[in-house]
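**Q** Once you've had a glance at the structure underneath, I'll fire off some questions.
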Amino acid sequence: MAVYGVLQLHTTPDKFYIEACEDETSDVLEIDRLSAEILLGVQKTIPPSAISRPICAVVGTISLEAGMYLVVVAKKKKVGEIAGHVVWKAVEFDTLPFAKTMLHLTDIQAQDNKTLLAMLHAMLATDGFYFSCSYDLTHTVQRLANTSPDFHEMSLVERADQRFVWNTHLLSEIATQPELHRFAMPMIFGFASIKQCIINGKSFDWILISRRSCYRAGVRYYVRGIDQEGHAANYVETEQIIQYNGTKASFVQTRGSMPFFWSQRPDLKYKPWPQISSSLNHLDGFQRHFDSQIVNYGKQVIINLVDHKGMEKGLEEVFRTLTNRLGNECIRYESFDFHKECSRMRWDRLKILIDHVAPQQDAMGYCLLDSEGQMLQQQEGIFRTNCIDCLDRTNVVQSLLARRTLQAQLQRLGVLHAGQHTEDHLEFEFVYKNVWADNADACAKQYAGTGALKTDYTRKGRRTKWGLLMDGWNSLIRYYKNNFSDGFRQDSIDLFLGNFVVEDTGRGLDPLHEQKDWKFMTLPIVMLVAFSMCIVCCLTAGETTSEMLVYVAFWASASAATGAVILYNGREFVDAPRLVQKEKKD
């Protein structure tokens with residue numbers, strides 16, 4: 001059952017009316033701005049005095065300090081079509097308060113509401129929300145093909161894979177009423193690209209979709225490892241689809257944080273040292289994660305790309321040990337020290353890894369449907385790839401694995417001739433590399449706050465000096481964001497997903513009013529003054545050179561000592577989440 005795709009929003013002082021402007025329907029979603037009651041009405045109930053404008057989709061409703069807010073998609077952009085169903089990207093949202101005025105709020109509540117609204121806007125401004133009125137973007141081609149006719153008669157919000165519906169919390173009021181489901185638009189968060197390509201004069205659609213899980217969602221340093229249910233941080237399901245003459249071929253991969261209990265809190269150091277929990281049962285969480293993986297995808301081939309030395313060594317050893325202890329025949333573990341193997345720009349050595357796992361890739365195969373929708377072949381397993389962030393190294397390897405399967409798919413469909421390779425067709429090669437690099441950038445911005453590293457290899461097939469320079473720049477931006485703005489980003493995600501729910505206490509939100517320790521303001525000021533005095537002494541001539549050197553040495557020592565104290569107490573100076581205490585939750 002499709003969701004209404006042409007909507008008109010009518011606003012009055014008492015109600016919002018969302019009218020379905022499609023043939024043979026008079027349905028109207030009525031939202032009472034006073035009681036927050038949501039009902040199904042008809043067109044004739046809309047007052048002529050209402051202020052009207054078109055909208056693209058209903059995201060849902062959310063409670064903030066000032067009361068309920070309606071969130072809608074104001075502008076959308078067509079991505080392309082899958083089997084005749086249009087896929088849209090949300091490019092602009094509107095948040096509309098139920099309350100007509102903020103005079104009922106105290107000064108503290110008004111400030112808290114402003115902060116919460118900024119969090120909501122920050123989340124909505126993050127690039128990567130996609131939806132379709134008639135196609136279930138939350139499921140893979142294979143999952144949809146393996147369902148019953150009754151499943152396809154269900155509404156999109158009922159049948160969606162809840163792992164990938166990011167507005168479940170906002171749709172909670174609408175989802176409880178089946179008669180309203182045609183207004184409930186499930187939205188995925190991640191990346192989607194649909195490109196029409198031509199090889200050997202044969203036109204086909206090449207599609208790449210990345211679905212980010214809303215379970216254990218968050219930002220780079222505040223969400224690592226797994227939770228008690230086995231949900232992994234930065235978990236993304238990526239599906240590559242080919243459409244040719246009605247036939248569909250699909251290949252699915254996943255990425256996710258190493259599935260045991262570990263953390264890596266920011267502390268002003270460039271790379272904080274990972275902490276592996278000594279109190280939690282790693283094997284239990286590990287088993288929960290892979291039980292879910294096997295149920296959803298079949299056999300697992302783990303590709304672990306972390307370093308075998310330094311701070312990542314301990315993580316690799318735990319991952320390997322847990323796999324051996326679990327002893328599940330459906331799980332195969334492959335470890336590849338990406339940085340060591342590809343050091344000094346030897347990126348051709350990635351072929352060692354791809355060739356090594358080729359037998360497993362051939363055995364798992366891919367999904368293939370004929371023009372009637374009948375299953376000709378199923379994918380019997382999946383690659384689960386990770387590095388420490390599951391971003392840069394992971395995306396490079398996933399793109400190479402996807403290319404190998406794509407080669408086999410296009411040959412089977414008759415698009416490529418025997419002996420031909422996709423690399424031989426430069427126009428398609430340009431599209432392929434750039435879309436995978438765009439996917440890397442999207443996943444990286446959502447998790448780490450900047451575009452991906454190493455995308456010069458993905459885009460051009462080789463590492464370049466300019467690429468190394470851009471990696472350095474992005475690394476600096478990541479450092480700043482991870483230490484000084486990611487707490488706010490994490491709060492934005494927690495608020496949007498309903499991990500934190502605003503309750504009417506009448507006194508504001510306590511988490512937003514926690515006071516910083518005296519060191520937070522005092523020490524940076526002392527360091528700044530000391531450093532300034534050091535500069536002044538260098539520029540101001542003293543009576544003797546030795547006198548000037550003494551002053552410079554004193555202020556430089558004061559500045560360095562204060563900086564050392566700040567670095568030692570680094571966690572007190574970073575921007576930490578306030579709505580959900582991650583240490584307690586982990």
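Chain lettering (A, B, ...) mirrors the order of the structure tokens, residue numbering begins at 1 for each chain separately, and ligand numbering begins at 1 in order of display.
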Write out as a ChimeraX atom specification each polymer residue whose atoms come within 12 Å of A:Pro48, counting only C-alpha atoms; drop sequence neighbours fewer than 2 positions from it.
**A** /A:10-12,17,43-46,50-52
**Q** Save the residues we just selected, C-alpha atoms, as a PDB file, in the first residue's frame?
**A**
ATOM      1  CA  HIS A  10      -3.533  23.659   5.474  1.00  0.00           C
ATOM      2  CA  THR A  11      -2.846  25.579   8.693  1.00  0.00           C
ATOM      3  CA  THR A  12      -5.374  27.170  11.025  1.00  0.00           C
ATOM      4  CA  TYR A  17      -4.867  19.614   7.887  1.00  0.00           C
ATOM      5  CA  GLN A  43     -11.615  17.196   2.475  1.00  0.00           C
ATOM      6  CA  LYS A  44     -14.806  19.075   3.316  1.00  0.00           C
ATOM      7  CA  THR A  45     -13.646  19.614   6.917  1.00  0.00           C
ATOM      8  CA  ILE A  46     -10.859  22.004   5.827  1.00  0.00           C
ATOM      9  CA  ALA A  50      -6.762  27.955   6.238  1.00  0.00           C
ATOM     10  CA  ILE A  51      -3.305  28.985   4.981  1.00  0.00           C
ATOM     11  CA  SER A  52      -2.260  26.398   2.382  1.00  0.00           C
TER      12      SER A  52
END
**Q** Within 12 Å of A:Leu353, counting only C-alpha atoms, which residues show up once you throw out same-chain ones fewer than 3 positions away? Write them as a count of residues only, please.
**A** 25
**Q** So which residues of stretch 7-167 of chain A fall under alpha helix (DSSP H) by DSSP, listed as a VMD selection string?
**A** chain A and resid 107 to 125 141 to 145 149 to 153 156 to 159
**Q** So that I can check the surroundings of A:Val580, please list as a list of chain:residue names every protein, DNA and RNA residue that reaches within 12 Å of it, counting only C-alpha atoms and ignoring chain neighbours fewer than 3 positions away.
**A**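 Result of the neighbour search: A:Gly218, A:Tyr222, A:Val223, A:Gly487, A:Phe488, A:Arg489, A:Gln490, A:Asp491, A:Ser492, A:Ile493, A:Asp494, A:Leu495, A:Leu497, A:Gly498, A:Asn499, A:Phe500, A:Val501, A:Val502, A:Asp510, A:Pro511, A:Leu512, A:Ala576, A:Pro577, A:Glu583, A:Lys584, A:Lys585, A:Asp586.
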**Q** Those same residues - N, CA, C and O atoms - I'd like them written as a short mmCIF file (atom, residue, chain, number, x, y, z; two decimals), in the first residue's frame.
**A**
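File written: part-v9.cif
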data_model
loop_
_atom_site.label_atom_id
_atom_site.label_comp_id
_atom_site.auth_asym_id
_atom_site.auth_seq_id
_atom_site.Cartn_x
_atom_site.Cartn_y
_atom_site.Cartn_z
N GLY A 218 25.03 6.95 16.29
CA GLY A 218 25.72 8.06 16.93
C GLY A 218 26.93 8.52 16.15
O GLY A 218 27.06 8.23 14.96
N TYR A 222 31.81 8.64 20.36
CA TYR A 222 30.88 8.39 21.46
C TYR A 222 30.10 7.09 21.29
O TYR A 222 29.43 6.66 22.23
N VAL A 223 30.16 6.49 20.12
CA VAL A 223 29.44 5.23 19.90
C VAL A 223 30.36 4.26 19.18
O VAL A 223 30.61 4.39 17.98
N GLY A 487 29.47 16.23 20.87
CA GLY A 487 28.49 16.04 21.93
C GLY A 487 27.13 16.55 21.49
O GLY A 487 26.10 15.88 21.70
N PHE A 488 27.11 17.70 20.87
CA PHE A 488 25.87 18.27 20.36
C PHE A 488 25.29 17.40 19.24
O PHE A 488 24.07 17.17 19.19
N ARG A 489 26.16 16.91 18.36
CA ARG A 489 25.68 16.04 17.27
C ARG A 489 25.08 14.75 17.83
O ARG A 489 24.06 14.26 17.32
N GLN A 490 25.72 14.19 18.87
CA GLN A 490 25.18 12.98 19.47
C GLN A 490 23.82 13.25 20.12
O GLN A 490 22.89 12.45 20.00
N ASP A 491 23.70 14.39 20.79
CA ASP A 491 22.42 14.76 21.38
C ASP A 491 21.34 14.90 20.30
O ASP A 491 20.19 14.52 20.52
N SER A 492 21.70 15.47 19.17
CA SER A 492 20.75 15.64 18.07
C SER A 492 20.21 14.30 17.60
O SER A 492 19.00 14.14 17.36
N ILE A 493 21.10 13.32 17.47
CA ILE A 493 20.70 11.97 17.04
C ILE A 493 19.81 11.32 18.10
O ILE A 493 18.76 10.74 17.78
N ASP A 494 20.21 11.41 19.36
CA ASP A 494 19.44 10.80 20.44
C ASP A 494 18.04 11.40 20.55
O ASP A 494 17.06 10.69 20.80
N LEU A 495 17.94 12.71 20.37
CA LEU A 495 16.64 13.37 20.41
C LEU A 495 15.76 12.91 19.25
O LEU A 495 14.58 12.58 19.44
N LEU A 497 15.90 10.17 17.42
CA LEU A 497 15.55 8.75 17.45
C LEU A 497 14.70 8.36 18.65
O LEU A 497 14.21 7.23 18.73
N GLY A 498 14.51 9.29 19.57
CA GLY A 498 13.70 8.98 20.75
C GLY A 498 14.47 8.30 21.86
O GLY A 498 13.88 7.78 22.81
N ASN A 499 15.81 8.30 21.78
CA ASN A 499 16.62 7.78 22.88
C ASN A 499 16.49 8.68 24.11
O ASN A 499 16.72 8.24 25.24
N PHE A 500 16.17 9.95 23.85
CA PHE A 500 15.84 10.89 24.91
C PHE A 500 14.48 11.49 24.57
O PHE A 500 14.28 12.01 23.48
N VAL A 501 13.53 11.39 25.51
CA VAL A 501 12.19 11.92 25.29
C VAL A 501 11.95 13.07 26.26
O VAL A 501 12.16 12.94 27.47
N VAL A 502 11.50 14.20 25.71
CA VAL A 502 11.25 15.39 26.53
C VAL A 502 9.96 15.19 27.32
O VAL A 502 8.92 14.85 26.76
N ASP A 510 17.03 19.28 33.13
CA ASP A 510 18.24 19.24 33.97
C ASP A 510 19.51 18.91 33.20
O ASP A 510 20.56 19.51 33.47
N PRO A 511 19.49 17.95 32.23
CA PRO A 511 20.74 17.63 31.54
C PRO A 511 21.37 18.81 30.80
O PRO A 511 22.58 18.84 30.59
N LEU A 512 20.54 19.78 30.41
CA LEU A 512 21.07 20.93 29.68
C LEU A 512 21.67 21.99 30.60
O LEU A 512 22.23 22.98 30.13
N ALA A 576 30.82 16.91 25.39
CA ALA A 576 30.23 15.60 25.65
C ALA A 576 28.71 15.65 25.50
O ALA A 576 28.10 16.71 25.69
N PRO A 577 28.08 14.53 25.15
CA PRO A 577 26.61 14.48 25.08
C PRO A 577 26.01 14.77 26.45
O PRO A 577 26.55 14.38 27.48
N GLU A 583 28.47 6.83 29.02
CA GLU A 583 29.22 5.94 29.89
C GLU A 583 28.28 4.99 30.64
O GLU A 583 28.52 3.80 30.77
N LYS A 584 27.14 5.54 31.11
CA LYS A 584 26.19 4.72 31.84
C LYS A 584 25.51 3.73 30.91
O LYS A 584 25.24 2.59 31.26
N LYS A 585 25.21 4.21 29.70
CA LYS A 585 24.50 3.36 28.75
C LYS A 585 25.37 2.18 28.32
O LYS A 585 24.89 1.07 28.12
N ASP A 586 26.67 2.40 28.16
CA ASP A 586 27.57 1.32 27.75
C ASP A 586 27.78 0.32 28.88
O ASP A 586 28.10 -0.80 28.64
#
**Q** Find the residue from A:Arg403, A:Lys114, A:His289, A:Lys313 that sits nearest to A:Phe251; use only C-alpha atoms when measuring.
**A** A:Arg403
**Q** Rounded to one decimal in Å, what is the spacing between atom CA of A:Ala192 and atom CA of A:Gly84?
**A**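 Atom CA of A:Ala192 sits 15.8 Å away from atom CA of A:Gly84.
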**Q** Need to verify the contact set: A:Ser193, 8 Å, only C-alpha atoms, exclusion of same-chain residues closer than 3 positions in sequence. Can you return it as a PyMOL selection string?
**A** chain A and resi 79-80+207-209+435
**Q** For A:Leu539, which residue out of A:Gly128, A:Val552, A:Gly414, A:Phe261 is the nearest one, using only C-alpha atoms?
**A**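 Ranked by minimum distance to A:Leu539, first place goes to A:Val552.
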**Q** Among stretch 76-227 of chain A, which ones does DSSP place in strand (DSSP E or B), written as a count of residues only?
**A** 47
**Q** List the neighbours of stretch 279-283 of chain A out to 10 Å using only C-alpha atoms; skip same-chain residues closer than 2 positions along the sequence, and give me the result as a PyMOL selection string.
**A** chain A and resi 226+228+230+259-262+276-277+285-289+318-319+321-323+325-326+586
**Q** Can you tell me which residues surround A:His139 at a distance of at most 9 Å, considering only C-alpha atoms, apart from same-chain residues fewer than 4 positions away, and format the answer as a list in words?
**A**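 Counting only C-alpha atoms, the residues come to Arg143, Leu144, Ala160, Asp161 and Phe164 of chain A.
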**Q** Would you put the residues from that selection into a file with N, CA, C and O atoms, as a compact mmCIF listing (two decimals), in the first residue's frame?
**A**
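selection.txt, written as the output of this step:
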# COMPACT_ATOMS: atom_id res chain seq x y z
N ARG A 143 15.24 -9.75 0.08
CA ARG A 143 14.26 -9.84 1.16
C ARG A 143 12.85 -9.61 0.63
O ARG A 143 11.90 -10.30 1.01
N LEU A 144 12.69 -8.63 -0.26
CA LEU A 144 11.37 -8.34 -0.82
C LEU A 144 10.87 -9.50 -1.68
O LEU A 144 9.68 -9.83 -1.68
N ALA A 160 8.18 -2.27 7.02
CA ALA A 160 9.56 -1.79 6.92
C ALA A 160 10.47 -2.52 7.90
O ALA A 160 10.05 -2.95 8.98
N ASP A 161 11.73 -2.69 7.51
CA ASP A 161 12.76 -3.21 8.40
C ASP A 161 13.11 -2.11 9.40
O ASP A 161 13.71 -1.10 9.05
N PHE A 164 16.28 0.20 9.86
CA PHE A 164 16.68 1.27 8.94
C PHE A 164 15.65 2.39 8.80
O PHE A 164 15.80 3.25 7.94
**Q** Could you jot down the atom CA of A:Met187 to atom CA of A:Phe131 separation for me, Å, one decimal place?
**A** 5.0 Å
**Q** Calculate how many Å separate atom CA of A:Lys299 from atom CA of A:Ile331, rounding to one decimal.
**A** 6.1 Å
**Q** Show me, as JSON, numbers by chain, the residues that have an atom within 10 Å of A:Gln8 when counting only C-alpha atoms, minus same-chain residues fewer than 6 positions from it.
**A** {"A": [17, 18, 19, 20, 21, 28, 52, 53, 54, 55, 56, 57]}
**Q** Keeping only all heavy atoms, write those residues as a PDB file, in the first residue's frame.
**A**
ATOM      1  N   TYR A  17      -4.179  20.544   8.776  1.00  0.00           N
ATOM      2  CA  TYR A  17      -4.867  19.614   7.887  1.00  0.00           C
ATOM      3  C   TYR A  17      -3.892  19.236   6.765  1.00  0.00           C
ATOM      4  O   TYR A  17      -3.404  20.125   6.051  1.00  0.00           O
ATOM      5  CB  TYR A  17      -6.109  20.245   7.265  1.00  0.00           C
ATOM      6  CG  TYR A  17      -7.166  20.673   8.250  1.00  0.00           C
ATOM      7  CD1 TYR A  17      -7.141  21.945   8.814  1.00  0.00           C
ATOM      8  CD2 TYR A  17      -8.196  19.808   8.600  1.00  0.00           C
ATOM      9  CE1 TYR A  17      -8.110  22.353   9.714  1.00  0.00           C
ATOM     10  CE2 TYR A  17      -9.186  20.216   9.496  1.00  0.00           C
ATOM     11  CZ  TYR A  17      -9.133  21.478  10.053  1.00  0.00           C
ATOM     12  OH  TYR A  17     -10.101  21.873  10.937  1.00  0.00           O
ATOM     13  N   ILE A  18      -3.591  17.958   6.648  1.00  0.00           N
ATOM     14  CA  ILE A  18      -2.712  17.499   5.568  1.00  0.00           C
ATOM     15  C   ILE A  18      -3.576  16.721   4.579  1.00  0.00           C
ATOM     16  O   ILE A  18      -4.036  15.611   4.867  1.00  0.00           O
ATOM     17  CB  ILE A  18      -1.565  16.642   6.114  1.00  0.00           C
ATOM     18  CG1 ILE A  18      -0.741  17.456   7.117  1.00  0.00           C
ATOM     19  CG2 ILE A  18      -0.679  16.138   4.974  1.00  0.00           C
ATOM     20  CD1 ILE A  18       0.340  16.669   7.833  1.00  0.00           C
ATOM     21  N   GLU A  19      -3.791  17.322   3.423  1.00  0.00           N
ATOM     22  CA  GLU A  19      -4.712  16.782   2.426  1.00  0.00           C
ATOM     23  C   GLU A  19      -3.970  15.945   1.390  1.00  0.00           C
ATOM     24  O   GLU A  19      -2.938  16.380   0.857  1.00  0.00           O
ATOM     25  CB  GLU A  19      -5.443  17.931   1.731  1.00  0.00           C
ATOM     26  CG  GLU A  19      -6.388  17.498   0.624  1.00  0.00           C
ATOM     27  CD  GLU A  19      -6.913  18.667  -0.189  1.00  0.00           C
ATOM     28  OE1 GLU A  19      -6.506  19.824   0.081  1.00  0.00           O
ATOM     29  OE2 GLU A  19      -7.718  18.427  -1.109  1.00  0.00           O
ATOM     30  N   ALA A  20      -4.487  14.753   1.120  1.00  0.00           N
ATOM     31  CA  ALA A  20      -3.948  13.913   0.049  1.00  0.00           C
ATOM     32  C   ALA A  20      -4.542  14.368  -1.274  1.00  0.00           C
ATOM     33  O   ALA A  20      -5.760  14.259  -1.483  1.00  0.00           O
ATOM     34  CB  ALA A  20      -4.277  12.449   0.315  1.00  0.00           C
ATOM     35  N   CYS A  21      -3.711  14.910  -2.143  1.00  0.00           N
ATOM     36  CA  CYS A  21      -4.194  15.480  -3.413  1.00  0.00           C
ATOM     37  C   CYS A  21      -3.982  14.492  -4.553  1.00  0.00           C
ATOM     38  O   CYS A  21      -3.284  14.774  -5.532  1.00  0.00           O
ATOM     39  CB  CYS A  21      -3.483  16.795  -3.699  1.00  0.00           C
ATOM     40  SG  CYS A  21      -3.694  18.019  -2.398  1.00  0.00           S
ATOM     41  N   VAL A  28      -7.838  13.250   4.602  1.00  0.00           N
ATOM     42  CA  VAL A  28      -7.150  14.384   5.219  1.00  0.00           C
ATOM     43  C   VAL A  28      -6.656  13.951   6.596  1.00  0.00           C
ATOM     44  O   VAL A  28      -7.409  13.361   7.382  1.00  0.00           O
ATOM     45  CB  VAL A  28      -8.081  15.611   5.358  1.00  0.00           C
ATOM     46  CG1 VAL A  28      -7.399  16.717   6.162  1.00  0.00           C
ATOM     47  CG2 VAL A  28      -8.493  16.140   3.997  1.00  0.00           C
ATOM     48  N   SER A  52      -2.608  27.655   3.058  1.00  0.00           N
ATOM     49  CA  SER A  52      -2.260  26.398   2.382  1.00  0.00           C
ATOM     50  C   SER A  52      -0.930  26.494   1.653  1.00  0.00           C
ATOM     51  O   SER A  52      -0.557  27.556   1.151  1.00  0.00           O
ATOM     52  CB  SER A  52      -3.366  26.017   1.388  1.00  0.00           C
ATOM     53  OG  SER A  52      -4.613  25.941   2.041  1.00  0.00           O
ATOM     54  N   ARG A  53      -0.242  25.371   1.608  1.00  0.00           N
ATOM     55  CA  ARG A  53       0.986  25.250   0.806  1.00  0.00           C
ATOM     56  C   ARG A  53       1.275  23.777   0.570  1.00  0.00           C
ATOM     57  O   ARG A  53       0.886  22.910   1.364  1.00  0.00           O
ATOM     58  CB  ARG A  53       2.172  25.914   1.490  1.00  0.00           C
ATOM     59  CG  ARG A  53       2.618  25.272   2.798  1.00  0.00           C
ATOM     60  CD  ARG A  53       3.741  26.090   3.410  1.00  0.00           C
ATOM     61  NE  ARG A  53       4.214  25.562   4.669  1.00  0.00           N
ATOM     62  CZ  ARG A  53       5.236  24.733   4.801  1.00  0.00           C
ATOM     63  NH1 ARG A  53       5.873  24.292   3.720  1.00  0.00           N
ATOM     64  NH2 ARG A  53       5.622  24.331   5.992  1.00  0.00           N
ATOM     65  N   PRO A  54       1.973  23.452  -0.516  1.00  0.00           N
ATOM     66  CA  PRO A  54       2.299  22.045  -0.785  1.00  0.00           C
ATOM     67  C   PRO A  54       3.455  21.556   0.081  1.00  0.00           C
ATOM     68  O   PRO A  54       4.353  22.320   0.442  1.00  0.00           O
ATOM     69  CB  PRO A  54       2.696  22.061  -2.261  1.00  0.00           C
ATOM     70  CG  PRO A  54       3.208  23.447  -2.499  1.00  0.00           C
ATOM     71  CD  PRO A  54       2.410  24.349  -1.597  1.00  0.00           C
ATOM     72  N   ILE A  55       3.417  20.289   0.458  1.00  0.00           N
ATOM     73  CA  ILE A  55       4.538  19.628   1.122  1.00  0.00           C
ATOM     74  C   ILE A  55       4.790  18.299   0.421  1.00  0.00           C
ATOM     75  O   ILE A  55       3.964  17.837  -0.374  1.00  0.00           O
ATOM     76  CB  ILE A  55       4.276  19.403   2.627  1.00  0.00           C
ATOM     77  CG1 ILE A  55       3.036  18.529   2.844  1.00  0.00           C
ATOM     78  CG2 ILE A  55       4.161  20.734   3.364  1.00  0.00           C
ATOM     79  CD1 ILE A  55       2.817  18.125   4.294  1.00  0.00           C
ATOM     80  N   CYS A  56       5.919  17.674   0.726  1.00  0.00           N
ATOM     81  CA  CYS A  56       6.312  16.454   0.009  1.00  0.00           C
ATOM     82  C   CYS A  56       6.052  15.179   0.804  1.00  0.00           C
ATOM     83  O   CYS A  56       5.794  14.130   0.211  1.00  0.00           O
ATOM     84  CB  CYS A  56       7.792  16.529  -0.353  1.00  0.00           C
ATOM     85  SG  CYS A  56       8.221  17.984  -1.320  1.00  0.00           S
ATOM     86  N   ALA A  57       6.146  15.246   2.120  1.00  0.00           N
ATOM     87  CA  ALA A  57       5.952  14.049   2.946  1.00  0.00           C
ATOM     88  C   ALA A  57       5.820  14.459   4.399  1.00  0.00           C
ATOM     89  O   ALA A  57       6.291  15.526   4.810  1.00  0.00           O
ATOM     90  CB  ALA A  57       7.109  13.070   2.791  1.00  0.00           C
TER      91      ALA A  57
END
